[in-house]
Amino acid sequence: MIVEERKIMEESSNNRGEFQASLAKLSSLRSGGSFKSTLSGRTTPRSNSPSFRRLNTSRTPRKDGRGFGGSVLFRSNRVLLWLLLITLWAYLGFFVQSRWAHSDKKEEFSGFGTGPRNTGIDADPSLRRDLIASEDSSSVNNETVRNKGGIGRTINVALAKKENDEDGVSPPKGKASSKKKKKSRRSSRGKARGKKKPTVEVKDDDIEEPEPEIPQTNSTYGLLVGPFGSTEDRILEWSPQKRSGTCNRKGDFARLVWSRRFILIFHELSMTGAPLSMLELATELLSCGATVSAIALSKKGGLMSELSRRRIKVLEDKADLSFKTAMKADLVIAGSAVCASWIEKYIERFPAGASQVAWWLMENRREYFDRSKGVLHRVKMLVFLSESQSKQWQKWCEEENIKLRSQPEIVPLSVNDELAFVAGISSTLNTPSFSTDKMIEKRQLLRESVRKEMRLTDNDMLVISLSSINPGKGQLLLLESASSVIEQGLLQDDKKMKKLSNIKENLSTMTRKRRIRKLLPLLKDGKVASNSLSRRKQLLANNKETMQQSLKILIGSVGSKSNKGDYVKSLLSFLEQHPNTSKSVLWTPSTTQVASLYSAADVYAINSQGLGETFGRVTIEAMAFGLPVLGTDAGGTKEIVENNVTGLLHPIGRSAGNDVLAQNLLYLLKNQLARKQMGIEGRKKVERMYLKQHMYKKFVDVIVRCMRSK
């Protein structure tokens, strides 16, 4: 018994020691000790011991140790996670700051992407309103604006005013005071810096209005028709506004310009050859994934809204900001000889920038050469439109001892995809529902509708001339030649009428009595008499129509900012002196939607004088629509038009050219089959040489040469 009692006491003492050891282990764990070190050793209780069973009835030290070790690991990982997030956030901040610093500070930073980077456009007022108003202008609704000639146009204008004086509503004092504070801060900053913030003048230069001297309906001057943009959209069931981009991604041009930066210099924004060509180039670059910015030296014209619609950013500044932006570009393309002033200032500011300027010259007159000869030898490359223009400019350079940095390139213009699509020529815009055959049918419907609005018949031959109205384009000489044809036709009609009247006078009274006796039986029956009279009226009407096969002349572009007012007045004065000719003259405003005019026309006339047309963008557009061309035998026109094949050529000048032009007009007036055949041949030549892919294939050589040794 005594031995058993001793064993029980030893076991109890051992249990107490084990219990105390376990308590010590728990305390060490709570104080941050290692779980492994506390549980390792000889004091670890066995699994069948009562103390182990008691300890496992609640939370064991091993499990508690595991949970506590996980929280420590989580705390250490959380610190690392925060450090990683802070690093990424700092990197993103530096990236955004660098992008902001290297871009236009005025532009809206819209994010990143692999596509074209011009999706974020400046907050251009033209995107939100049609007219830009000053702060002091009042609100005008449905105001009818009339010019001097009496052409009425209703324009919906909503001009904002900061203080609603008319409604008697004043803004809250807090807002007004905050606005005043902002204004005072801005003024103080401007005074401190010594620079005045550029102010935008309120002008309606972006609105094309007809010439004030040409009324809409006037028997002296003629009839003002068009534009026919709504008619095009209704009949064609397609509008250029719906286009998404026509870039050939597999072509060399697209691969070359992708993700590069280009600056395009517009000398003006009128709807004439050079600005329109630059507009098409900017659209194609943007469509192929390039970043494009435009600099307009003069914002007169109607292309500002078109640039905004096509998401082409126009820099507000044409000095320091434009110079800095151009330095960051891969290539600067100037689109006219008028850009010489900007190029000269740019090179003075950044001499190294001359190696990235390609100058696309689109004029062919000595005055433009004299204006630009000071910087011709400094730019990287000159680009011309035709062989004749290139030879002429190089000849002038030799006379002035100007040595060019490189051999010039020749890049002729092309017919854009929109016009080729409407003309029925295969383009990137064609779809199964808008095939070439389908578009040819729609073009015929468009022709009939537009000619009906112009009050033309099938017997009228419409000759159109679309360009700025100035002496170099020769519209007055065209009217003089057309007047001789019209007057000659009227004289022939007068001779025929006199012969008929003489025959009637020579008829004897007996013959007249016999004719009356023959008509008496017919007059007894009212139906027969009415039928015979109606038939006679139809025959007379048909004979009258055949006698009235006439010549019609349509002249554009009325209201263009490039028109010369004095020259327009000389045209109107000529029509006042020739009222018969004025009845056959039509006028049309300047517009970018010219497919309806080409569809309605029968002949195109380009009567450029002097050295002739530099190239003639409108010439190839008319040929694409199957029109024969009457052009001067000079300049780029003689390179495009093959005499007696795709059209007829005549000499320049009044004395030598007017008579030949009149004969050519008369020939096409009498030979409809010849007109059709020449139109077919001209269309074939356009498909062979003057489509978009032909022009951009040559542009690849220009870009490669400019960037090779940059």
# chains A, B, ... in the order shown; residues from 1 in each chain; ligands from 1

$ select_by_dssp --residues "segment 351-437 of chain A" --states "helix (DSSP H, G or I)" --output "VMD selection string"
chain A and resid 351 to 356 366 to 372 387 to 399 417 to 423 436 to 437

$ write_last_selection --atoms "N, CA and C atoms" --output "CSV table (one decimal), in the first residue's frame"
chain,number,residue,atom,x,y,z
A,351,PRO,N,17.3,75.1,-86.2
A,351,PRO,CA,18.1,74.8,-87.5
A,351,PRO,C,18.1,73.4,-87.8
A,352,ALA,N,18.1,72.5,-86.8
A,352,ALA,CA,18.1,71.0,-87.1
A,352,ALA,C,16.8,70.6,-87.7
A,353,GLY,N,15.7,71.3,-87.5
A,353,GLY,CA,14.4,70.9,-88.0
A,353,GLY,C,14.3,71.0,-89.5
A,354,ALA,N,15.2,71.6,-90.2
A,354,ALA,CA,15.2,71.6,-91.7
A,354,ALA,C,15.3,70.3,-92.3
A,355,SER,N,15.9,69.3,-91.6
A,355,SER,CA,16.1,68.0,-92.1
A,355,SER,C,14.9,67.1,-92.0
A,356,GLN,N,13.8,67.6,-91.5
A,356,GLN,CA,12.6,66.8,-91.4
A,356,GLN,C,11.4,67.5,-92.1
A,366,ARG,N,5.7,82.2,-111.1
A,366,ARG,CA,6.9,82.8,-110.7
A,366,ARG,C,6.8,83.6,-109.4
A,367,GLU,N,5.7,84.2,-109.2
A,367,GLU,CA,5.5,84.9,-107.9
A,367,GLU,C,5.6,84.0,-106.7
A,368,TYR,N,5.2,82.8,-106.8
A,368,TYR,CA,5.3,81.9,-105.7
A,368,TYR,C,6.7,81.4,-105.5
A,369,PHE,N,7.5,81.2,-106.6
A,369,PHE,CA,8.9,80.9,-106.5
A,369,PHE,C,9.6,82.0,-105.8
A,370,ASP,N,9.4,83.2,-106.2
A,370,ASP,CA,10.1,84.4,-105.6
A,370,ASP,C,9.8,84.4,-104.1
A,371,ARG,N,8.6,84.1,-103.7
A,371,ARG,CA,8.3,84.1,-102.3
A,371,ARG,C,9.0,83.0,-101.5
A,372,SER,N,9.3,81.9,-102.1
A,372,SER,CA,9.9,80.8,-101.4
A,372,SER,C,11.3,80.5,-101.7
A,387,GLU,N,5.5,66.7,-114.1
A,387,GLU,CA,6.8,66.8,-114.7
A,387,GLU,C,7.1,68.3,-115.1
A,388,SER,N,6.1,68.9,-115.7
A,388,SER,CA,6.2,70.2,-116.2
A,388,SER,C,6.5,71.2,-115.1
A,389,GLN,N,5.8,71.0,-113.9
A,389,GLN,CA,6.1,71.9,-112.8
A,389,GLN,C,7.5,71.7,-112.2
A,390,SER,N,7.9,70.4,-112.2
A,390,SER,CA,9.3,70.1,-111.6
A,390,SER,C,10.4,70.8,-112.5
A,391,LYS,N,10.2,70.6,-113.8
A,391,LYS,CA,11.2,71.2,-114.7
A,391,LYS,C,11.2,72.7,-114.6
A,392,GLN,N,10.0,73.4,-114.5
A,392,GLN,CA,10.0,74.8,-114.4
A,392,GLN,C,10.6,75.3,-113.2
A,393,TRP,N,10.4,74.7,-112.0
A,393,TRP,CA,11.0,75.2,-110.8
A,393,TRP,C,12.5,74.9,-110.7
A,394,GLN,N,12.9,73.8,-111.3
A,394,GLN,CA,14.4,73.6,-111.3
A,394,GLN,C,15.1,74.6,-112.3
A,395,LYS,N,14.4,75.0,-113.3
A,395,LYS,CA,14.9,76.0,-114.2
A,395,LYS,C,15.1,77.3,-113.5
A,396,TRP,N,14.1,77.7,-112.7
A,396,TRP,CA,14.2,78.9,-111.9
A,396,TRP,C,15.3,78.8,-110.9
A,397,CYS,N,15.5,77.7,-110.3
A,397,CYS,CA,16.6,77.5,-109.3
A,397,CYS,C,17.9,77.7,-110.0
A,398,GLU,N,18.1,77.2,-111.2
A,398,GLU,CA,19.3,77.3,-111.9
A,398,GLU,C,19.6,78.8,-112.2
A,399,GLU,N,18.5,79.5,-112.5
A,399,GLU,CA,18.7,81.0,-112.8
A,399,GLU,C,19.1,81.7,-111.6
A,417,ASP,N,-11.2,58.1,-102.1
A,417,ASP,CA,-12.1,56.9,-102.1
A,417,ASP,C,-13.6,57.2,-102.2
A,418,GLU,N,-14.0,58.4,-101.6
A,418,GLU,CA,-15.4,58.7,-101.6
A,418,GLU,C,-15.9,59.0,-103.0
A,419,LEU,N,-15.1,59.7,-103.8
A,419,LEU,CA,-15.6,60.0,-105.2
A,419,LEU,C,-15.5,58.8,-106.0
A,420,ALA,N,-14.4,58.0,-105.9
A,420,ALA,CA,-14.3,56.8,-106.7
A,420,ALA,C,-15.4,55.8,-106.4
A,421,PHE,N,-15.8,55.8,-105.1
A,421,PHE,CA,-16.9,55.0,-104.7
A,421,PHE,C,-18.2,55.4,-105.4
A,422,VAL,N,-18.5,56.7,-105.4
A,422,VAL,CA,-19.8,57.2,-106.0
A,422,VAL,C,-19.7,57.0,-107.5
A,423,ALA,N,-18.5,57.2,-108.1
A,423,ALA,CA,-18.4,57.1,-109.5
A,423,ALA,C,-18.5,55.6,-110.0
A,436,THR,N,-20.0,48.1,-107.1
A,436,THR,CA,-19.8,49.1,-108.2
A,436,THR,C,-21.0,49.2,-109.1
A,437,ASP,N,-21.6,48.1,-109.5
A,437,ASP,CA,-22.7,48.1,-110.3
A,437,ASP,C,-23.9,48.8,-109.7

$ residues_around --residues "segment 669-676 of chain A" --least-positions-apart "2" --cutoff "8 Å" --atoms "only C-alpha atoms" --output "JSON, numbers by chain"
{"A": [461, 550, 551, 602, 603, 626, 627, 628, 665, 666, 667, 678, 679, 680]}

$ write_last_selection --atoms "C-alpha atoms" --output "PDB file, in the first residue's frame"
ATOM      1  CA  MET A 461     -25.241  69.839-122.562  1.00  0.00           C
ATOM      2  CA  SER A 550     -28.448  74.226-126.069  1.00  0.00           C
ATOM      3  CA  LEU A 551     -25.275  74.791-124.137  1.00  0.00           C
ATOM      4  CA  ASP A 602     -21.737  66.235-119.554  1.00  0.00           C
ATOM      5  CA  VAL A 603     -18.375  68.008-120.060  1.00  0.00           C
ATOM      6  CA  GLY A 626     -16.717  59.644-117.372  1.00  0.00           C
ATOM      7  CA  LEU A 627     -16.624  63.292-118.485  1.00  0.00           C
ATOM      8  CA  PRO A 628     -14.588  64.497-121.476  1.00  0.00           C
ATOM      9  CA  LEU A 665     -17.664  73.237-127.431  1.00  0.00           C
ATOM     10  CA  LEU A 666     -19.655  73.165-130.642  1.00  0.00           C
ATOM     11  CA  TYR A 667     -18.138  69.815-131.654  1.00  0.00           C
ATOM     12  CA  MET A 678     -13.875  60.265-124.573  1.00  0.00           C
ATOM     13  CA  GLY A 679     -15.432  59.841-121.143  1.00  0.00           C
ATOM     14  CA  ILE A 680     -14.875  56.072-121.241  1.00  0.00           C
TER      15      ILE A 680
END

$ closest_residue --among "A:Leu445, A:Val257, A:Val702, A:Ala282" --to "Leu382 of chain A" --atoms "only C-alpha atoms"
A:Val702

$ residues_around --residues "Thr457 of chain A" --least-positions-apart "3" --cutoff "12 Å" --atoms "only C-alpha atoms" --output "VMD selection string"
chain A and resid 447 to 454 460 to 462 545 to 546 548 to 552 600 to 601

$ write_last_selection --atoms "N, CA and C atoms" --output "mmCIF file, in the first residue's frame"
data_model
loop_
_atom_site.group_PDB
_atom_site.id
_atom_site.type_symbol
_atom_site.label_atom_id
_atom_site.label_comp_id
_atom_site.auth_asym_id
_atom_site.auth_seq_id
_atom_site.Cartn_x
_atom_site.Cartn_y
_atom_site.Cartn_z
ATOM 1 N N ARG A 447 -28.007 61.783 -111.053
ATOM 2 C CA ARG A 447 -27.920 62.677 -112.214
ATOM 3 C C ARG A 447 -29.300 63.218 -112.587
ATOM 4 N N GLU A 448 -30.270 62.347 -112.672
ATOM 5 C CA GLU A 448 -31.616 62.768 -113.062
ATOM 6 C C GLU A 448 -32.209 63.732 -112.045
ATOM 7 N N SER A 449 -31.994 63.454 -110.762
ATOM 8 C CA SER A 449 -32.573 64.309 -109.723
ATOM 9 C C SER A 449 -31.933 65.695 -109.717
ATOM 10 N N VAL A 450 -30.616 65.749 -109.815
ATOM 11 C CA VAL A 450 -29.919 67.040 -109.768
ATOM 12 C C VAL A 450 -30.225 67.868 -111.011
ATOM 13 N N ARG A 451 -30.244 67.238 -112.164
ATOM 14 C CA ARG A 451 -30.564 67.988 -113.386
ATOM 15 C C ARG A 451 -31.991 68.532 -113.348
ATOM 16 N N LYS A 452 -32.877 67.793 -112.698
ATOM 17 C CA LYS A 452 -34.245 68.285 -112.556
ATOM 18 C C LYS A 452 -34.272 69.525 -111.668
ATOM 19 N N GLU A 453 -33.489 69.519 -110.595
ATOM 20 C CA GLU A 453 -33.418 70.702 -109.737
ATOM 21 C C GLU A 453 -32.777 71.880 -110.463
ATOM 22 N N MET A 454 -31.878 71.595 -111.390
ATOM 23 C CA MET A 454 -31.251 72.660 -112.171
ATOM 24 C C MET A 454 -32.123 73.132 -113.332
ATOM 25 N N ASP A 460 -29.954 69.401 -123.079
ATOM 26 C CA ASP A 460 -28.984 70.406 -122.653
ATOM 27 C C ASP A 460 -27.648 69.737 -122.347
ATOM 28 N N MET A 461 -26.586 70.308 -122.879
ATOM 29 C CA MET A 461 -25.241 69.839 -122.562
ATOM 30 C C MET A 461 -24.660 70.754 -121.488
ATOM 31 N N LEU A 462 -24.468 70.195 -120.289
ATOM 32 C CA LEU A 462 -23.985 70.975 -119.156
ATOM 33 C C LEU A 462 -22.464 70.875 -119.080
ATOM 34 N N GLU A 545 -38.154 71.315 -128.866
ATOM 35 C CA GLU A 545 -37.093 70.771 -128.034
ATOM 36 C C GLU A 545 -35.849 70.472 -128.850
ATOM 37 N N THR A 546 -36.049 69.922 -130.031
ATOM 38 C CA THR A 546 -34.887 69.629 -130.875
ATOM 39 C C THR A 546 -34.192 70.917 -131.298
ATOM 40 N N GLN A 548 -34.091 73.514 -129.420
ATOM 41 C CA GLN A 548 -33.531 74.127 -128.232
ATOM 42 C C GLN A 548 -32.393 73.306 -127.625
ATOM 43 N N GLN A 549 -31.787 72.415 -128.356
ATOM 44 C CA GLN A 549 -30.582 71.748 -127.879
ATOM 45 C C GLN A 549 -29.530 72.824 -127.649
ATOM 46 N N SER A 550 -29.221 73.031 -126.401
ATOM 47 C CA SER A 550 -28.448 74.226 -126.069
ATOM 48 C C SER A 550 -27.287 73.885 -125.153
ATOM 49 N N LEU A 551 -26.455 74.885 -124.975
ATOM 50 C CA LEU A 551 -25.275 74.791 -124.137
ATOM 51 C C LEU A 551 -25.549 75.479 -122.807
ATOM 52 N N LYS A 552 -25.219 74.803 -121.710
ATOM 53 C CA LYS A 552 -25.358 75.355 -120.368
ATOM 54 C C LYS A 552 -23.988 75.345 -119.690
ATOM 55 N N ALA A 600 -24.202 65.183 -112.709
ATOM 56 C CA ALA A 600 -25.148 65.920 -113.550
ATOM 57 C C ALA A 600 -24.507 66.490 -114.804
ATOM 58 N N ALA A 601 -23.190 66.589 -114.846
ATOM 59 C CA ALA A 601 -22.500 67.263 -115.954
ATOM 60 C C ALA A 601 -22.318 66.340 -117.154
#

$ residues_around --residues "Phe384 of chain A" --least-positions-apart "4" --cutoff "8 Å" --atoms "only C-alpha atoms" --output "NGL selection string"
:A and (360-362 or 389-390 or 408-412)

$ write_last_selection --atoms "N, CA, C and O atoms" --output "short mmCIF file (atom, residue, chain, number, x, y, z; two decimals), in the first residue's frame"
data_model
loop_
_atom_site.label_atom_id
_atom_site.label_comp_id
_atom_site.auth_asym_id
_atom_site.auth_seq_id
_atom_site.Cartn_x
_atom_site.Cartn_y
_atom_site.Cartn_z
N TRP A 360 5.71 70.10 -100.22
CA TRP A 360 4.86 69.67 -101.34
C TRP A 360 4.34 70.92 -102.04
O TRP A 360 3.34 71.50 -101.64
N LEU A 361 5.00 71.34 -103.08
CA LEU A 361 4.67 72.58 -103.79
C LEU A 361 3.55 72.33 -104.79
O LEU A 361 3.65 71.42 -105.63
N MET A 362 2.52 73.16 -104.75
CA MET A 362 1.35 72.95 -105.59
C MET A 362 1.04 74.16 -106.48
O MET A 362 -0.06 74.27 -107.02
N GLN A 389 5.84 71.02 -113.94
CA GLN A 389 6.09 71.88 -112.79
C GLN A 389 7.50 71.67 -112.24
O GLN A 389 8.20 72.64 -111.91
N SER A 390 7.94 70.42 -112.15
CA SER A 390 9.27 70.13 -111.64
C SER A 390 10.35 70.76 -112.52
O SER A 390 11.30 71.38 -112.01
N PRO A 408 14.35 66.33 -106.35
CA PRO A 408 12.91 66.41 -106.05
C PRO A 408 12.17 65.13 -106.46
O PRO A 408 12.60 64.39 -107.33
N GLU A 409 11.04 64.92 -105.80
CA GLU A 409 10.15 63.80 -106.12
C GLU A 409 8.88 64.35 -106.76
O GLU A 409 8.52 65.52 -106.58
N ILE A 410 8.21 63.51 -107.55
CA ILE A 410 6.94 63.87 -108.20
C ILE A 410 5.86 62.95 -107.65
O ILE A 410 5.93 61.72 -107.82
N VAL A 411 4.87 63.55 -107.00
CA VAL A 411 3.73 62.80 -106.45
C VAL A 411 2.46 63.44 -106.97
O VAL A 411 1.99 64.45 -106.43
N PRO A 412 1.86 62.91 -108.03
CA PRO A 412 0.60 63.47 -108.53
C PRO A 412 -0.54 63.22 -107.56
O PRO A 412 -0.47 62.32 -106.72
#

$ residues_around --residues "Met278 of chain A" --least-positions-apart "6" --cutoff "10 Å" --atoms "only C-alpha atoms" --output "list in words"
Leu264, Ile265, Phe266, His267, Leu269, Glu284, Ala294, Ile333, Ala334, Gly335, Ser336 and Trp360 of chain A

$ residues_around --residues "Ile464 of chain A" --least-positions-apart "4" --cutoff "7 Å" --atoms "only C-alpha atoms" --output "list in words"
Ile553, Leu554, Ile555, Ala601, Val603, Tyr604 and Ala605 of chain A

$ select_by_dssp --residues "segment 321-463 of chain A" --states "strand (DSSP E or B)" --output "list of chain:residue names"
A:Leu331, A:Val332, A:Ile333, A:Ala334, A:Val357, A:Ala358, A:Trp359, A:Trp360, A:Met381, A:Leu382, A:Val383, A:Phe384, A:Glu409, A:Ile410, A:Val415, A:Thr431, A:Phe434, A:Met461, A:Leu462, A:Val463

$ write_last_selection --atoms "N, CA, C and O atoms" --output "mmCIF file, in the first residue's frame"
data_model
loop_
_atom_site.group_PDB
_atom_site.id
_atom_site.type_symbol
_atom_site.label_atom_id
_atom_site.label_comp_id
_atom_site.auth_asym_id
_atom_site.auth_seq_id
_atom_site.Cartn_x
_atom_site.Cartn_y
_atom_site.Cartn_z
ATOM 1 N N LEU A 331 8.041 63.818 -89.255
ATOM 2 C CA LEU A 331 8.102 64.470 -90.563
ATOM 3 C C LEU A 331 7.122 65.631 -90.595
ATOM 4 O O LEU A 331 5.992 65.521 -90.103
ATOM 5 N N VAL A 332 7.556 66.747 -91.175
ATOM 6 C CA VAL A 332 6.716 67.924 -91.379
ATOM 7 C C VAL A 332 6.475 68.062 -92.880
ATOM 8 O O VAL A 332 7.429 68.113 -93.661
ATOM 9 N N ILE A 333 5.202 68.122 -93.279
ATOM 10 C CA ILE A 333 4.838 68.230 -94.693
ATOM 11 C C ILE A 333 4.116 69.556 -94.885
ATOM 12 O O ILE A 333 3.026 69.763 -94.340
ATOM 13 N N ALA A 334 4.721 70.453 -95.645
ATOM 14 C CA ALA A 334 4.103 71.748 -95.976
ATOM 15 C C ALA A 334 3.420 71.632 -97.333
ATOM 16 O O ALA A 334 3.994 71.089 -98.276
ATOM 17 N N VAL A 357 11.699 68.425 -93.013
ATOM 18 C CA VAL A 357 10.651 69.143 -93.747
ATOM 19 C C VAL A 357 10.618 68.660 -95.191
ATOM 20 O O VAL A 357 11.624 68.721 -95.907
ATOM 21 N N ALA A 358 9.449 68.154 -95.602
ATOM 22 C CA ALA A 358 9.187 67.838 -97.004
ATOM 23 C C ALA A 358 8.186 68.867 -97.525
ATOM 24 O O ALA A 358 7.091 69.009 -96.975
ATOM 25 N N TRP A 359 8.549 69.569 -98.583
ATOM 26 C CA TRP A 359 7.752 70.699 -99.077
ATOM 27 C C TRP A 359 7.025 70.272 -100.347
ATOM 28 O O TRP A 359 7.624 70.105 -101.403
ATOM 29 N N TRP A 360 5.706 70.097 -100.223
ATOM 30 C CA TRP A 360 4.858 69.667 -101.340
ATOM 31 C C TRP A 360 4.339 70.917 -102.039
ATOM 32 O O TRP A 360 3.344 71.499 -101.639
ATOM 33 N N MET A 381 13.526 68.057 -98.722
ATOM 34 C CA MET A 381 13.131 67.608 -100.057
ATOM 35 C C MET A 381 11.986 68.460 -100.587
ATOM 36 O O MET A 381 11.118 68.899 -99.827
ATOM 37 N N LEU A 382 11.978 68.662 -101.911
ATOM 38 C CA LEU A 382 10.867 69.298 -102.609
ATOM 39 C C LEU A 382 10.061 68.215 -103.325
ATOM 40 O O LEU A 382 10.630 67.289 -103.908
ATOM 41 N N VAL A 383 8.753 68.367 -103.280
ATOM 42 C CA VAL A 383 7.849 67.421 -103.926
ATOM 43 C C VAL A 383 6.949 68.214 -104.869
ATOM 44 O O VAL A 383 6.351 69.221 -104.472
ATOM 45 N N PHE A 384 6.852 67.761 -106.130
ATOM 46 C CA PHE A 384 6.043 68.443 -107.139
ATOM 47 C C PHE A 384 4.894 67.542 -107.589
ATOM 48 O O PHE A 384 4.870 66.338 -107.283
ATOM 49 N N GLU A 409 11.044 64.917 -105.803
ATOM 50 C CA GLU A 409 10.147 63.804 -106.116
ATOM 51 C C GLU A 409 8.880 64.353 -106.764
ATOM 52 O O GLU A 409 8.519 65.518 -106.578
ATOM 53 N N ILE A 410 8.214 63.513 -107.553
ATOM 54 C CA ILE A 410 6.943 63.869 -108.198
ATOM 55 C C ILE A 410 5.857 62.953 -107.654
ATOM 56 O O ILE A 410 5.925 61.725 -107.817
ATOM 57 N N VAL A 415 -7.731 60.561 -107.060
ATOM 58 C CA VAL A 415 -9.162 60.619 -106.751
ATOM 59 C C VAL A 415 -9.368 59.915 -105.412
ATOM 60 O O VAL A 415 -8.952 58.761 -105.238
ATOM 61 N N THR A 431 -18.922 47.437 -100.514
ATOM 62 C CA THR A 431 -19.428 46.306 -99.746
ATOM 63 C C THR A 431 -20.399 45.537 -100.631
ATOM 64 O O THR A 431 -20.770 46.017 -101.706
ATOM 65 N N PHE A 434 -23.156 47.694 -101.468
ATOM 66 C CA PHE A 434 -22.758 48.879 -102.225
ATOM 67 C C PHE A 434 -21.669 48.482 -103.226
ATOM 68 O O PHE A 434 -20.538 48.967 -103.160
ATOM 69 N N MET A 461 -26.586 70.308 -122.879
ATOM 70 C CA MET A 461 -25.241 69.839 -122.562
ATOM 71 C C MET A 461 -24.660 70.754 -121.488
ATOM 72 O O MET A 461 -24.394 71.927 -121.718
ATOM 73 N N LEU A 462 -24.468 70.195 -120.289
ATOM 74 C CA LEU A 462 -23.985 70.975 -119.156
ATOM 75 C C LEU A 462 -22.464 70.875 -119.080
ATOM 76 O O LEU A 462 -21.897 69.794 -118.928
ATOM 77 N N VAL A 463 -21.806 72.028 -119.159
ATOM 78 C CA VAL A 463 -20.359 72.131 -119.018
ATOM 79 C C VAL A 463 -20.075 72.785 -117.677
ATOM 80 O O VAL A 463 -20.571 73.890 -117.408
#

$ residues_around --residues "Ala319 of chain A" --least-positions-apart "5" --cutoff "9 Å" --atoms "only C-alpha atoms" --output "mmCIF file with N, CA, C and O atoms, in the first residue's frame"
data_model
loop_
_atom_site.group_PDB
_atom_site.id
_atom_site.type_symbol
_atom_site.label_atom_id
_atom_site.label_comp_id
_atom_site.auth_asym_id
_atom_site.auth_seq_id
_atom_site.Cartn_x
_atom_site.Cartn_y
_atom_site.Cartn_z
ATOM 1 N N LYS A 324 7.622 73.890 -81.483
ATOM 2 C CA LYS A 324 7.975 72.829 -80.546
ATOM 3 C C LYS A 324 7.306 71.510 -80.927
ATOM 4 O O LYS A 324 7.915 70.438 -80.821
ATOM 5 N N TRP A 342 6.404 80.413 -92.651
ATOM 6 C CA TRP A 342 6.443 79.555 -91.467
ATOM 7 C C TRP A 342 7.711 78.705 -91.460
ATOM 8 O O TRP A 342 8.361 78.539 -90.422
ATOM 9 N N LYS A 345 10.793 80.786 -90.382
ATOM 10 C CA LYS A 345 10.835 81.057 -88.946
ATOM 11 C C LYS A 345 11.129 79.790 -88.158
ATOM 12 O O LYS A 345 11.836 79.824 -87.138
ATOM 13 N N TYR A 346 10.618 78.673 -88.629
ATOM 14 C CA TYR A 346 10.850 77.404 -87.936
ATOM 15 C C TYR A 346 12.330 77.013 -87.980
ATOM 16 O O TYR A 346 12.907 76.585 -86.974
#

$ closest_residue --among "A:Phe350, A:Trp238, A:Tyr91, A:Tyr690" --to "Ser433 of chain A" --atoms "only C-alpha atoms"
A:Trp238

$ closest_residue --among "A:Gly612, A:Gly229, A:Gly301, A:Gly556" --to "Thr588 of chain A" --atoms "only C-alpha atoms"
A:Gly556
